[in-house]
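Written out below as structure tokens is the structure these notes cover.
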Amino acid sequence: MSWIKTLDRKAADGRLSSIYDRVAGKTGQIDNILAAHSLRPHTLEGHMALYKAVLHHYGNSLDKAYLEAIGTWVSSLNKCAYCVEHHFAGLKRLLNDDARSAEIRDAIDAGIPERAFSGRELAGLRYAELLTRQPDKLTQMHVMALREAGFEDGEILEINQVTAYFAYANRTVLGLGVNPAGEALGLSPNTSDDPDDWSHD
């Protein structure tokens, strides 16, 4: 599951057990990226609060499938196969369109997002790429270009935060050797109208 000790639900007690109850899905699964926090439950709480707010919150206006595409793209750029597989599975479920999903996956795997995206969506992905690969190269002009592509400032913030979250998540996975052994892929906290509902379905 990872290179450090983790506690499963049977071994969890106190605060960790309570958090596990909140994040578990109908099957009781605790994603391995979350279990990697088990020795420090407070960081698991922080991770989940950020994850829910960035990707699964009713206050976001961008389409959730597009936010998942950004997450999959950033994870691919960071060579984090775990997050690519998890979030592509979530993206595929949201789209419910095998042909479109395959088109997106092929574009991401090839590193050529314009094979599947155009217009403002492509502009958002290109911003995410620069923020991932060369964050020091970003200037106010890049934000202005996103506005010109059709994004409102709140939407630009959403793109920025999804990209930043995946920098964190990818490094959690890669730095601790988290792998998907024993997991069903693509589960997520889908109740977006309740920011405190972390259950994965």
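All residue names refer to the structure tokens as shown: chains lettered A, B, ... in order, residues numbered from 1 in each chain, ligands numbered from 1 in order.
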Thr172 of chain A: which residues within 12 Å, counting only C-alpha atoms, same-chain residues fewer than 2 positions away excluded, as a VMD selection string? chain A and resid 2 to 4 32 to 37 43 to 44 47 75 78 80 82 to 83 165 to 170 174 to 179
I need the residues from that last selection saved to file as a compact mmCIF listing (two decimals), in the first residue's frame (with N, CA, C and O atoms), if you can.
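Output contents, as saved in again-v6.txt:
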```txt
# COMPACT_ATOMS: atom_id res chain seq x y z
N SER A 2 1.91 1.31 0.85
CA SER A 2 2.85 2.43 0.83
C SER A 2 4.14 1.98 1.50
O SER A 2 4.23 0.89 2.04
N TRP A 3 5.14 2.85 1.49
CA TRP A 3 6.44 2.53 2.07
C TRP A 3 6.50 2.78 3.56
O TRP A 3 7.50 2.45 4.21
N ILE A 4 5.48 3.39 4.14
CA ILE A 4 5.45 3.60 5.58
C ILE A 4 4.29 2.80 6.19
O ILE A 4 3.39 2.37 5.49
N ASN A 32 -5.96 4.28 -0.53
CA ASN A 32 -4.61 4.16 0.01
C ASN A 32 -3.93 5.51 0.22
O ASN A 32 -3.12 5.66 1.13
N ILE A 33 -4.23 6.49 -0.63
CA ILE A 33 -3.66 7.81 -0.42
C ILE A 33 -4.12 8.41 0.89
O ILE A 33 -3.38 9.16 1.55
N LEU A 34 -5.33 8.08 1.32
CA LEU A 34 -5.85 8.57 2.59
C LEU A 34 -5.28 7.77 3.76
O LEU A 34 -4.89 8.34 4.79
N ALA A 35 -5.18 6.47 3.59
CA ALA A 35 -4.61 5.63 4.64
C ALA A 35 -3.15 5.98 4.90
O ALA A 35 -2.63 5.76 6.00
N ALA A 36 -2.48 6.54 3.90
CA ALA A 36 -1.08 6.94 4.08
C ALA A 36 -0.93 8.00 5.18
O ALA A 36 0.16 8.16 5.74
N HIS A 37 -2.01 8.70 5.51
CA HIS A 37 -1.99 9.71 6.57
C HIS A 37 -2.29 9.12 7.95
O HIS A 37 -2.35 9.88 8.93
N THR A 43 -3.42 15.42 9.50
CA THR A 43 -3.10 15.72 8.10
C THR A 43 -4.12 15.08 7.16
O THR A 43 -4.38 15.61 6.07
N LEU A 44 -4.71 13.96 7.57
CA LEU A 44 -5.79 13.36 6.78
C LEU A 44 -7.00 14.30 6.75
O LEU A 44 -7.62 14.50 5.70
N HIS A 47 -6.14 17.10 4.38
CA HIS A 47 -6.18 16.63 3.00
C HIS A 47 -7.61 16.55 2.51
O HIS A 47 -7.94 17.05 1.42
N SER A 75 -1.52 15.18 -12.99
CA SER A 75 -0.94 13.94 -12.47
C SER A 75 -0.08 13.25 -13.52
O SER A 75 0.97 12.68 -13.20
N ASN A 78 3.16 15.04 -13.74
CA ASN A 78 3.99 14.70 -12.57
C ASN A 78 4.36 13.22 -12.52
O ASN A 78 5.01 12.78 -11.57
N CYS A 80 2.51 10.65 -11.93
CA CYS A 80 1.88 9.98 -10.80
C CYS A 80 0.78 9.05 -11.32
O CYS A 80 -0.39 9.47 -11.47
N TYR A 82 -0.77 6.57 -10.01
CA TYR A 82 -1.86 6.31 -9.06
C TYR A 82 -2.98 7.34 -9.25
O TYR A 82 -4.16 6.98 -9.39
N CYS A 83 -2.62 8.62 -9.24
CA CYS A 83 -3.64 9.66 -9.36
C CYS A 83 -4.23 9.73 -10.77
O CYS A 83 -5.41 10.03 -10.94
N TYR A 165 -3.59 21.56 -5.80
CA TYR A 165 -3.93 20.38 -5.00
C TYR A 165 -3.24 19.14 -5.54
O TYR A 165 -2.70 18.33 -4.77
N PHE A 166 -3.23 18.98 -6.85
CA PHE A 166 -2.61 17.77 -7.39
C PHE A 166 -1.09 17.78 -7.26
O PHE A 166 -0.48 16.70 -7.17
N ALA A 167 -0.47 18.95 -7.19
CA ALA A 167 0.96 18.99 -6.86
C ALA A 167 1.16 18.35 -5.48
O ALA A 167 2.10 17.56 -5.28
N TYR A 168 0.29 18.68 -4.55
CA TYR A 168 0.35 18.11 -3.20
C TYR A 168 0.03 16.62 -3.20
O TYR A 168 0.78 15.80 -2.65
N ALA A 169 -1.07 16.25 -3.83
CA ALA A 169 -1.48 14.84 -3.82
C ALA A 169 -0.47 13.96 -4.53
O ALA A 169 -0.13 12.87 -4.04
N ASN A 170 0.02 14.40 -5.68
CA ASN A 170 0.99 13.60 -6.43
C ASN A 170 2.26 13.37 -5.62
O ASN A 170 2.83 12.28 -5.62
N LEU A 174 3.87 9.87 -4.57
CA LEU A 174 5.19 9.50 -5.08
C LEU A 174 6.23 9.45 -3.96
O LEU A 174 7.14 8.62 -3.98
N GLY A 175 6.09 10.33 -2.99
CA GLY A 175 7.06 10.38 -1.90
C GLY A 175 6.91 9.27 -0.88
O GLY A 175 7.85 8.97 -0.13
N LEU A 176 5.73 8.65 -0.83
CA LEU A 176 5.48 7.58 0.15
C LEU A 176 5.23 6.23 -0.50
O LEU A 176 4.94 5.26 0.19
N GLY A 177 5.34 6.17 -1.84
CA GLY A 177 5.17 4.89 -2.51
C GLY A 177 3.76 4.33 -2.44
O GLY A 177 3.57 3.11 -2.37
N VAL A 178 2.77 5.20 -2.46
CA VAL A 178 1.38 4.74 -2.40
C VAL A 178 1.02 4.07 -3.71
O VAL A 178 1.32 4.57 -4.79
N ASN A 179 0.38 2.91 -3.63
CA ASN A 179 -0.05 2.19 -4.83
C ASN A 179 -1.51 1.77 -4.68
O ASN A 179 -2.05 1.82 -3.57
```
Residues within 7 Å of Val74 of chain A, please, as a PyMOL selection string. Count only C-alpha atoms; anything in the same chain fewer than 4 positions from it doesn't count. chain A and resi 70+78+128-129+132+163+166
Restricting the output to N, CA and C atoms, write the selected residues as a compact mmCIF listing (two decimals), in the first residue's frame.
```
# COMPACT_ATOMS: atom_id res chain seq x y z
N ILE A 70 -8.34 18.25 -15.54
CA ILE A 70 -7.16 19.01 -15.12
C ILE A 70 -6.33 18.17 -14.14
N ASN A 78 3.16 15.04 -13.74
CA ASN A 78 3.99 14.70 -12.57
C ASN A 78 4.36 13.22 -12.52
N ALA A 128 -2.42 25.15 -16.45
CA ALA A 128 -2.11 24.13 -15.45
C ALA A 128 -0.76 23.48 -15.74
N GLU A 129 -0.45 23.29 -17.01
CA GLU A 129 0.84 22.70 -17.38
C GLU A 129 2.00 23.61 -16.99
N THR A 132 2.50 23.68 -13.32
CA THR A 132 3.10 22.43 -12.85
C THR A 132 4.58 22.35 -13.18
N THR A 163 -4.92 22.53 -9.78
CA THR A 163 -3.53 22.27 -10.16
C THR A 163 -2.65 22.20 -8.91
N PHE A 166 -3.23 18.98 -6.85
CA PHE A 166 -2.61 17.77 -7.39
C PHE A 166 -1.09 17.78 -7.26
```
State, in Å with one decimal place, the distance from atom CA of Ala12 of chain A to atom CA of Leu39 of chain A. 9.6 Å
Selection: 10 Å around Glu121 of chain A, only C-alpha atoms, excl. self and same-chain fewer than 5 positions, as a count of residues only: 12
Which residues in chain A does DSSP call helix (DSSP H, G or I)? List them as a VMD selection string. chain A and resid 14 to 23 32 to 35 41 to 55 64 to 77 81 to 95 98 to 110 113 to 115 119 to 133 135 to 137 140 to 149 153 to 176
Between A:Gly124, A:Thr139, A:Arg93, A:Glu68, which residue has the minimum interatomic distance to His56 of chain A, considering only C-alpha atoms? A:Glu68
